[in-house]
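Asks: Provided herewith: input_28.txt, compact mmCIF, C-alpha atoms.
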# COMPACT_ATOMS: atom_id res chain seq x y z
CA MET A 282 3.83 22.63 -18.75
CA SER A 283 5.57 24.91 -16.26
CA PHE A 284 5.18 25.87 -12.60
CA GLU A 285 3.66 29.24 -13.48
CA ASN A 286 1.04 30.13 -10.82
CA ALA A 287 1.81 26.84 -9.01
CA SER A 288 4.29 27.75 -6.29
CA VAL A 289 2.65 25.53 -3.65
CA THR A 290 2.80 22.43 -5.86
CA LYS A 291 6.44 23.08 -6.66
CA GLY A 292 7.16 23.52 -2.97
CA LEU A 293 5.42 20.24 -2.14
CA MET A 294 7.36 18.39 -4.82
CA MET A 295 10.65 19.83 -3.61
CA THR A 296 9.85 19.08 0.03
CA TYR A 297 8.73 15.49 -0.60
CA GLY A 298 11.72 14.81 -2.82
CA LEU A 299 14.28 16.32 -0.45
CA THR A 300 12.92 14.75 2.73
CA SER A 301 12.50 11.31 1.13
CA ILE A 302 16.09 11.37 -0.16
CA LEU A 303 17.49 12.56 3.18
CA VAL A 304 15.49 9.95 5.10
CA GLY A 305 16.98 7.23 2.90
CA LEU A 306 20.54 8.62 3.12
CA PHE A 307 20.58 8.88 6.91
CA ASP A 308 18.73 5.57 7.35
CA VAL A 309 15.92 6.97 9.53
CA LYS A 310 12.96 5.53 7.64
CA HIS A 311 11.78 3.72 10.76
CA TYR A 312 10.90 7.07 12.35
CA PHE A 313 8.49 7.82 9.49
CA HIS A 314 6.70 4.48 9.76
CA LEU A 315 3.16 4.69 11.21
CA GLN A 316 2.10 1.52 13.02
CA LEU A 317 -0.63 1.03 15.61
CA VAL A 318 1.13 -1.70 17.58
CA PRO A 319 3.51 -0.97 19.24
CA HIS A 320 4.22 2.65 18.18
CA LEU A 321 0.87 4.18 19.08
CA SER A 322 -0.81 1.75 21.46
CA ARG A 323 2.23 0.81 23.58
CA HIS A 324 4.84 3.56 23.20
CA HIS A 325 2.38 6.41 22.59
CA GLN A 326 4.53 7.91 19.82
CA TYR A 327 1.79 10.14 18.46
CA TRP A 328 4.32 12.39 16.77
CA ARG A 329 4.49 9.72 14.07
CA LEU A 330 1.00 10.77 12.93
CA VAL A 331 2.46 14.09 11.76
CA LEU A 332 5.96 12.98 10.83
CA HIS A 333 4.91 10.27 8.38
CA HIS A 334 3.31 12.93 6.12
CA LEU A 335 6.72 14.43 5.32
CA ALA A 336 8.43 11.65 3.37
CA PHE A 337 7.75 8.59 1.21
CA SER A 338 9.14 5.25 2.28
CA SER A 339 10.24 4.08 -1.19
CA SER A 340 11.60 5.67 -4.35
CA SER A 341 8.81 4.18 -6.49
CA ASP A 342 6.13 5.85 -4.35
CA LEU A 343 8.03 9.13 -4.54
CA PHE A 344 8.38 8.94 -8.32
CA ILE A 345 4.69 8.25 -8.94
CA ALA A 346 3.65 10.96 -6.47
CA GLN A 347 5.87 13.48 -8.26
CA LEU A 348 4.29 12.58 -11.60
CA LEU A 349 0.79 12.96 -10.16
CA LEU A 350 1.59 16.28 -8.51
CA PHE A 351 3.23 17.70 -11.63
CA ASN A 352 0.39 16.71 -13.97
CA ALA A 353 -2.60 17.10 -11.64
CA GLY A 354 -1.52 19.32 -8.73
CA ILE A 355 -0.45 22.22 -10.95
CA GLN A 356 -3.82 22.36 -12.70
CA VAL A 357 -5.75 22.09 -9.43
CA GLU A 358 -3.70 24.92 -7.91
CA ARG A 359 -4.32 27.11 -10.94
CA GLN A 360 -8.06 26.49 -10.56
CA PHE A 361 -8.06 27.14 -6.80
CA GLY A 362 -5.41 29.82 -6.49
CA SER A 363 -2.27 29.33 -4.39
CA ILE A 364 -3.72 30.48 -1.05
CA LYS A 365 -6.86 28.33 -1.32
CA TYR A 366 -4.79 25.41 -2.58
CA ALA A 367 -2.37 25.68 0.36
CA SER A 368 -5.34 25.85 2.73
CA PHE A 369 -6.82 22.79 1.04
CA VAL A 370 -3.54 20.86 1.54
CA VAL A 371 -3.47 21.77 5.25
CA VAL A 372 -7.12 20.79 5.77
CA SER A 373 -6.60 17.54 3.85
CA SER A 374 -3.53 16.67 5.94
CA ILE A 375 -5.47 17.17 9.18
CA LEU A 376 -8.46 15.11 7.99
CA VAL A 377 -6.18 12.39 6.64
CA THR A 378 -4.39 12.13 9.98
CA ILE A 379 -7.67 11.74 11.86
CA LEU A 380 -9.07 9.17 9.44
CA GLU A 381 -5.82 7.17 9.35
CA LEU A 382 -5.79 6.91 13.13
CA ALA A 383 -9.44 5.91 13.17
CA SER A 384 -8.94 3.28 10.47
CA LEU A 385 -5.98 1.77 12.34
CA ILE A 386 -8.05 1.50 15.51
CA VAL A 387 -11.14 0.08 13.80
CA PHE A 388 -9.56 -2.26 11.26
CA HIS A 389 -6.37 -3.44 12.99
CA ARG A 390 -7.99 -6.81 13.72
CA ALA A 391 -8.70 -7.19 10.00
CA GLY A 392 -4.98 -6.88 9.17
CA LEU A 393 -4.58 -3.12 8.86
CA ASN A 394 -1.83 -2.40 11.39
CA HIS A 395 0.46 0.10 9.64
CA ILE A 396 0.49 2.87 7.02
CA ALA A 397 3.81 3.19 5.23
CA MET A 398 3.11 5.32 2.16
CA GLY A 399 3.79 8.75 3.62
CA PRO A 400 1.72 11.65 2.23
CA ALA A 401 0.08 9.51 -0.46
CA ALA A 402 -3.38 10.17 0.99
CA VAL A 403 -2.96 13.91 0.40
CA VAL A 404 -1.94 13.16 -3.20
CA PHE A 405 -5.11 11.08 -3.66
CA SER A 406 -7.17 13.95 -2.27
CA ILE A 407 -5.59 16.24 -4.88
CA MET A 408 -6.32 13.64 -7.55
CA TYR A 409 -9.99 13.63 -6.57
CA GLN A 410 -10.17 17.40 -7.02
CA TYR A 411 -8.40 16.99 -10.38
CA SER A 412 -11.00 14.48 -11.54
CA ARG A 413 -13.86 16.79 -10.61
CA ILE A 414 -12.75 20.26 -11.73
CA VAL A 415 -10.34 19.66 -14.63
CA PRO A 416 -12.11 18.54 -17.83
CA ALA A 417 -10.63 16.08 -20.30
CA THR A 418 -8.90 17.67 -23.28
CA TYR A 419 -9.40 14.85 -25.78
CA LYS A 420 -10.78 11.31 -25.92
CA TYR A 421 -9.67 8.17 -27.72
CA ARG A 422 -10.30 4.42 -27.75
CA ILE A 423 -7.97 1.45 -27.32
CA PHE A 424 -9.55 -1.90 -28.25
CA GLY A 425 -12.96 -0.28 -27.89
CA VAL A 426 -12.28 1.05 -24.38
CA PRO A 427 -13.05 4.80 -24.15
CA LEU A 428 -10.13 6.74 -22.67
CA ASN A 429 -9.02 10.38 -22.41
CA ASN A 430 -5.88 12.33 -21.66
CA LYS A 431 -6.43 11.87 -17.90
CA SER A 432 -6.55 8.08 -18.05
CA PHE A 433 -2.77 7.67 -17.71
CA LEU A 434 -2.77 9.56 -14.41
CA TYR A 435 -5.65 7.46 -13.12
CA LEU A 436 -3.70 4.35 -14.09
CA LEU A 437 -0.68 5.53 -12.09
CA ALA A 438 -2.89 6.30 -9.10
CA ALA A 439 -4.54 2.87 -9.35
CA GLN A 440 -1.12 1.20 -9.47
CA THR A 441 -0.18 3.01 -6.25
CA ALA A 442 -3.48 2.03 -4.61
CA ILE A 443 -2.88 -1.71 -5.13
CA SER A 444 0.88 -1.76 -4.61
CA ARG A 445 0.86 -2.62 -0.88
CA LEU A 446 -2.49 -3.98 0.10
CA PRO A 447 -4.20 -3.55 2.49
CA SER A 448 -2.48 -0.36 3.70
CA SER A 449 -2.17 1.17 0.20
CA GLY A 450 -5.84 0.55 -0.47
CA ALA A 451 -6.78 2.16 2.83
CA VAL A 452 -4.63 5.20 2.07
CA SER A 453 -6.23 5.68 -1.36
CA ILE A 454 -9.75 5.34 0.06
CA ILE A 455 -8.97 7.81 2.84
CA GLY A 456 -7.53 10.32 0.36
CA ILE A 457 -10.56 10.09 -1.93
CA LEU A 458 -12.91 10.35 1.05
CA VAL A 459 -11.12 13.48 2.29
CA GLY A 460 -11.41 14.99 -1.19
CA GLN A 461 -15.15 14.29 -1.19
CA ILE A 462 -15.57 15.80 2.29
CA TYR A 463 -13.77 18.97 1.24
CA ARG A 464 -15.73 19.30 -1.98
CA SER A 465 -19.08 18.65 -0.27
CA ASP A 466 -18.29 21.69 1.93
CA LEU A 467 -19.00 19.74 5.10
CA ALA A 468 -18.39 21.92 8.17
CA ASN A 469 -17.74 24.86 5.81
CA LEU A 470 -14.21 23.67 5.03
CA LYS A 471 -14.02 25.44 1.66
CA THR A 472 -14.07 28.85 3.27
CA TYR A 473 -11.03 28.23 5.45
CA ARG A 474 -7.91 30.18 4.48
CA LEU A 475 -4.49 30.24 6.04
CA PRO A 476 -3.87 33.24 8.32
CA SER A 477 -2.41 36.27 6.60
CA SER A 478 0.68 36.13 8.83
CA ILE A 479 1.52 32.64 7.55
CA VAL A 480 0.93 33.73 3.95
CA ILE A 481 3.22 36.75 4.39
CA PHE A 482 5.90 34.63 6.06
CA ALA A 483 5.75 32.01 3.30
CA THR A 484 5.87 34.67 0.58
CA ARG A 485 8.82 36.47 2.11
CA PHE A 486 10.98 33.60 3.37
CA LEU A 487 9.87 30.36 1.68
CA LEU A 488 8.97 31.48 -1.84
CA PRO A 489 12.59 32.47 -2.70
CA PHE A 490 13.67 28.86 -2.03
CA VAL A 491 11.07 27.59 -4.50
CA GLY A 492 12.84 29.34 -7.35
CA ALA A 493 11.63 30.80 -10.62
CA LEU A 494 8.02 30.27 -11.66
CA ARG A 495 8.21 31.90 -15.07
CA PRO A 496 6.70 30.09 -18.07
CA PRO A 497 9.05 28.65 -20.72
CA ARG A 498 10.23 31.18 -23.30
CA ARG A 499 8.33 30.96 -26.54
CA SER A 500 10.06 31.29 -29.86
CA ASN A 501 9.79 34.69 -31.55
CA ARG A 502 10.10 33.20 -35.03
CA ALA A 503 7.04 32.37 -37.08
CA LEU A 504 6.64 30.90 -40.55
CA PRO A 505 3.68 32.58 -42.31
CA ASP A 506 1.01 30.26 -43.62
CA ASP A 507 1.15 29.57 -47.35
CA SER A 508 -2.36 30.03 -48.67
CA ARG A 509 -1.58 28.54 -52.05
CA GLY A 510 -1.64 24.78 -52.10
CA SER A 511 0.24 24.66 -55.41
CA THR A 512 3.11 26.59 -53.91
CA THR A 513 3.36 24.10 -51.06
CA THR A 514 3.43 21.24 -53.54
CA ARG A 515 6.12 22.82 -55.69
CA ASN A 516 8.32 23.78 -52.76
CA THR A 517 8.42 20.40 -51.01
CA SER A 518 11.94 19.83 -52.28
CA ALA A 519 13.15 23.33 -51.42
CA THR A 520 15.82 23.70 -48.77
CA PRO A 521 15.11 25.51 -45.47
CA GLN A 522 17.48 28.29 -46.52
CA ASN A 523 14.97 29.41 -49.18
CA GLU A 524 12.12 29.96 -46.71
CA GLU A 525 11.30 33.49 -45.64
CA VAL A 526 10.98 33.76 -41.86
CA ILE A 527 9.13 36.55 -40.09
CA THR A 528 10.58 37.25 -36.66
CA THR A 529 9.11 39.32 -33.85
CA ALA A 530 12.51 39.93 -32.31
CA ARG A 531 14.24 43.27 -32.71
CA PRO A 532 17.29 43.24 -34.98
CA SER A 533 20.62 43.02 -33.24
CA ALA A 534 23.03 45.94 -33.12
CA GLU A 535 25.35 44.21 -35.58
CA ALA A 536 22.54 43.65 -38.09
CA ALA A 537 21.38 47.27 -37.74
CA THR A 538 24.92 48.54 -38.26
CA THR A 539 25.37 46.34 -41.32
CA ARG A 540 22.09 47.55 -42.85
CA HIS A 541 22.97 51.17 -42.19
CA ARG A 542 26.39 50.70 -43.79
CA HIS A 543 24.84 49.18 -46.91
CA ASN A 544 22.26 51.97 -47.23
CA ASP A 545 24.59 54.89 -46.42
CA PRO A 546 26.65 56.07 -49.43
CA SER A 547 29.07 57.99 -47.20
CA SER A 548 30.15 54.80 -45.42
CA GLY A 549 31.70 53.34 -48.54
CA GLY A 550 29.29 50.43 -48.62
CA GLU A 551 27.12 49.20 -51.41
CA VAL A 552 24.11 51.30 -52.40
CA THR A 553 20.85 49.68 -53.41
CA THR A 554 20.51 50.57 -57.10
CA GLY A 555 18.98 49.13 -60.20
CA THR A 556 22.10 47.03 -60.72
CA GLY A 557 21.65 45.60 -57.23
CA SER A 558 18.07 44.67 -58.09
CA VAL A 559 19.24 42.90 -61.25
CA MET A 560 21.88 41.05 -59.25
CA ARG A 561 19.27 40.09 -56.64
CA GLU A 562 16.95 38.72 -59.34
CA TRP A 563 19.84 36.77 -60.84
CA VAL A 564 20.68 35.29 -57.46
CA ASP A 565 17.01 34.44 -56.93
CA GLU A 566 16.97 32.58 -60.23
CA LEU A 567 20.05 30.62 -59.22
CA THR A 568 18.60 29.73 -55.82
CA GLY A 569 15.13 28.85 -57.18
CA ARG A 570 13.21 31.72 -55.61
CA THR A 571 11.66 32.66 -58.95
CA GLU A 572 9.29 29.76 -58.49
CA HIS A 573 7.29 32.02 -56.18
CA ALA A 574 6.64 34.38 -59.08
CA ALA A 575 5.43 31.47 -61.18
CA ALA A 576 3.09 30.54 -58.33
CA GLY A 577 1.26 33.86 -58.67
CA ILE A 578 3.09 36.11 -56.19
CA ARG A 579 2.84 39.69 -57.41
CA VAL A 580 5.80 41.85 -58.40
CA LEU A 581 6.51 44.37 -55.67
CA PRO A 582 6.68 48.08 -56.55
CA GLU A 583 9.65 49.80 -54.96
CA ALA A 584 7.31 52.48 -53.60
CA GLU A 585 5.45 49.94 -51.43
CA ILE A 586 8.71 48.60 -50.05
CA ASP A 587 9.92 52.10 -49.20
CA GLN A 588 6.57 52.97 -47.62
CA LEU A 589 6.59 49.92 -45.31
CA THR A 590 10.27 50.40 -44.51
CA ALA A 591 9.47 53.94 -43.35
CA MET A 592 6.51 52.68 -41.29
CA PHE A 593 8.54 49.89 -39.66
CA PRO A 594 12.10 51.19 -39.29
CA ASP A 595 13.05 48.39 -36.84
CA VAL A 596 12.07 45.61 -39.25
CA GLN A 597 14.62 44.41 -41.75
CA ARG A 598 14.03 44.99 -45.43
CA ASP A 599 13.94 41.27 -46.22
CA VAL A 600 11.13 40.78 -43.71
CA VAL A 601 9.15 43.65 -45.28
CA VAL A 602 9.62 42.16 -48.75
CA ALA A 603 8.53 38.74 -47.51
CA ALA A 604 5.38 40.20 -45.94
CA LEU A 605 4.49 42.04 -49.17
CA GLN A 606 5.07 38.94 -51.29
CA ARG A 607 2.69 36.91 -49.17
CA SER A 608 -0.02 39.57 -49.00
CA PRO A 609 -2.53 40.51 -51.71
CA ASN A 610 -2.08 44.23 -50.98
CA ILE A 611 -0.11 46.62 -48.83
CA GLU A 612 -2.83 46.83 -46.16
CA ALA A 613 -2.63 43.08 -45.55
CA ALA A 614 1.16 43.32 -45.35
CA VAL A 615 0.84 46.02 -42.68
CA GLU A 616 -1.48 43.78 -40.65
CA THR A 617 0.99 40.90 -40.98
CA LEU A 618 3.88 42.98 -39.70
CA LEU A 619 1.81 44.40 -36.86
CA SER A 620 0.68 40.92 -35.75
CA SER A 621 4.27 39.65 -35.87
CA GLN A 622 5.38 42.36 -33.44
CA THR A 623 2.71 41.72 -30.80
Could you render the structure as structure tokens?

Replies:
Amino acid sequence: MSFENASVTKGLMMTYGLTSILVGLFDVKHYFHLQLVPHLSRHHQYWRLVLHHLAFSSSSDLFIAQLLLFNAGIQVERQFGSIKYASFVVVSSILVTILELASLIVFHRAGLNHIAMGPAAVVFSIMYQYSRIVPATYKYRIFGVPLNNKSFLYLLAAQTAISRLPSSGAVSIIGILVGQIYRSDLANLKTYRLPSSIVIFATRFLLPFVGALRPPRRSNRALPDDSRGSTTTRNTSATPQNEEVITTARPSAEAATTRHRHNDPSSGGEVTTGTGSVMREWVDELTGRTEHAAAGIRVLPEAEIDQLTAMFPDVQRDVVVAALQRSPNIEAAVETLLSSQT
């Protein structure tokens, strides 16, 4: 998985990680602690309601939140779109702040006097959206208990919810409740979008700090499927050097120069003649490649090889020969080469 089309999630992960590390290094965690008595009721430090959303108080909370954001937040952002997802995070933060203050006032006599888990409620709100809009990929059972690929994330979230009772339980409930409120479209919250000026500012000045969002590079090499089961059985002991590999990459300049030198008589190199074909067959016998002929691979006419070489001048001759050997006719070989270049 990559951060492709998930710039907001990557920004959140970077922000939470950086602020949590800096808060620990400079020993200012007490400023990010939200407590009703005496911070709010006596000293009226209401700025703590906003500040405590910027950093986690412990490394374990930060680590679990990063795992949840990477596995769940990216998929939710891809479903919503970055602008809607950023708007959802802002709305969730505002609702979480209101509900946290209300829960501290209502339940402080029951033992709920502080909230020290940072932006965990926003993460739980994202997890609720993940549970509702992202389907399970596969299912399995452990000791008869039905599970799916999302169960591990739910287990991590549950571990966070019971780590520091009662405040952790209150934070998880508030986050899930905020997710339900947003999804129920109460007060038309789904239609809210960040102002265009903020979006332009974030795109121009903040997005460069997020870094690259490109997907991981996929390999351009592909092993063609062997349709003959007997061939697979006979070649189980063959070395990887004997396998023909079809590549979608263009040949390098050195390889092109070498091939031109071998095919150009004026360059003093070797010319492909009948003697070269005999030598190639002899080498194939020594290396065990003649087993493919015994498996039913047809003998290639030189005209077909020349025809495909003219049609695909950028493809090496060995690749053309391999495609013809694995195809019942020249039309199928053309399709194979075309598909390998797309």

Asks: Within 8 Å of (6.4, 1.2, 4.5), in the coordinates the file gives, what residues turn up when you count all atoms listed in the file, written out as an MDAnalysis selection string?

Replies: chainID A and resid 314 338:339 395:398

Asks: As JSON, what would the box around range 313-327 of chain A look like: edges along x, y and z, 4 Å added on every side, centre and edge lengths in Å to one decimal?

Replies:
{"center_x": 3.8, "center_y": 4.2, "center_z": 16.5, "size_x": 17.3, "size_y": 19.8, "size_z": 22.1}

Asks: Which residue, A:Ile379, A:Leu293, A:Leu299, A:Ile345, has the smallest gap to Val331 in chain A when you use all atoms listed in the file?

Replies: A:Ile379

Asks: Given the choices A:Arg464, A:Ala353, A:Ala438, A:Gly450, which gets closest to Tyr411 in chain A if the distance is worked out from all atoms listed in the file?

Replies: A:Ala353

Asks: Find the residue from A:His334, A:Ser384, A:Leu349, A:Phe361 that sits nearest to Tyr435 in chain A; use only C-alpha atoms when measuring.

Replies: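 Result for the nearest residue to Tyr435 in chain A: A:Leu349.
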
Asks: Could you list, as a list in words, every residue within 10 Å of Asn610 in chain A, counting all atoms listed in the file and ignoring same-chain residues fewer than 5 positions away?

Replies: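 Those residues are Arg579, Leu581, Glu585, Ala604, Leu605 and Val615 of chain A.
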
Asks: From the list A:Arg485, A:Lys471, A:His320, A:Arg413, which residue is nearest Gln356 in chain A when using all atoms listed in the file?

Replies: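 Closest to Gln356 in chain A of all the choices is A:Arg413.
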
Asks: Quick one, how far is CA of Val403 in chain A from CA of Phe369 in chain A?

Replies: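 It comes out at 9.7 Å.
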
Asks: Need to verify the contact set: Leu618 in chain A, 9 Å, only C-alpha atoms, exclusion of same-chain residues closer than 2 positions in sequence. Can you return it as a ChimeraX atom specification?

Replies: /A:527,529,593,596,600-601,604,613-616,620-622

Asks: Write out as a compact mmCIF listing (two decimals) with C-alpha atoms, keeping the file's coordinate frame the residues lying within 12 Å of Pro416 in chain A, counting all atoms listed in the file and excluding same-chain residues fewer than 5 positions away.

Replies:
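selection.txt, freshly written:
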# COMPACT_ATOMS: atom_id res chain seq x y z
CA ALA A 353 -2.60 17.10 -11.64
CA GLN A 356 -3.82 22.36 -12.70
CA VAL A 357 -5.75 22.09 -9.43
CA GLN A 360 -8.06 26.49 -10.56
CA GLN A 410 -10.17 17.40 -7.02
CA TYR A 411 -8.40 16.99 -10.38
CA ASN A 429 -9.02 10.38 -22.41
CA ASN A 430 -5.88 12.33 -21.66
CA LYS A 431 -6.43 11.87 -17.90
CA SER A 432 -6.55 8.08 -18.05
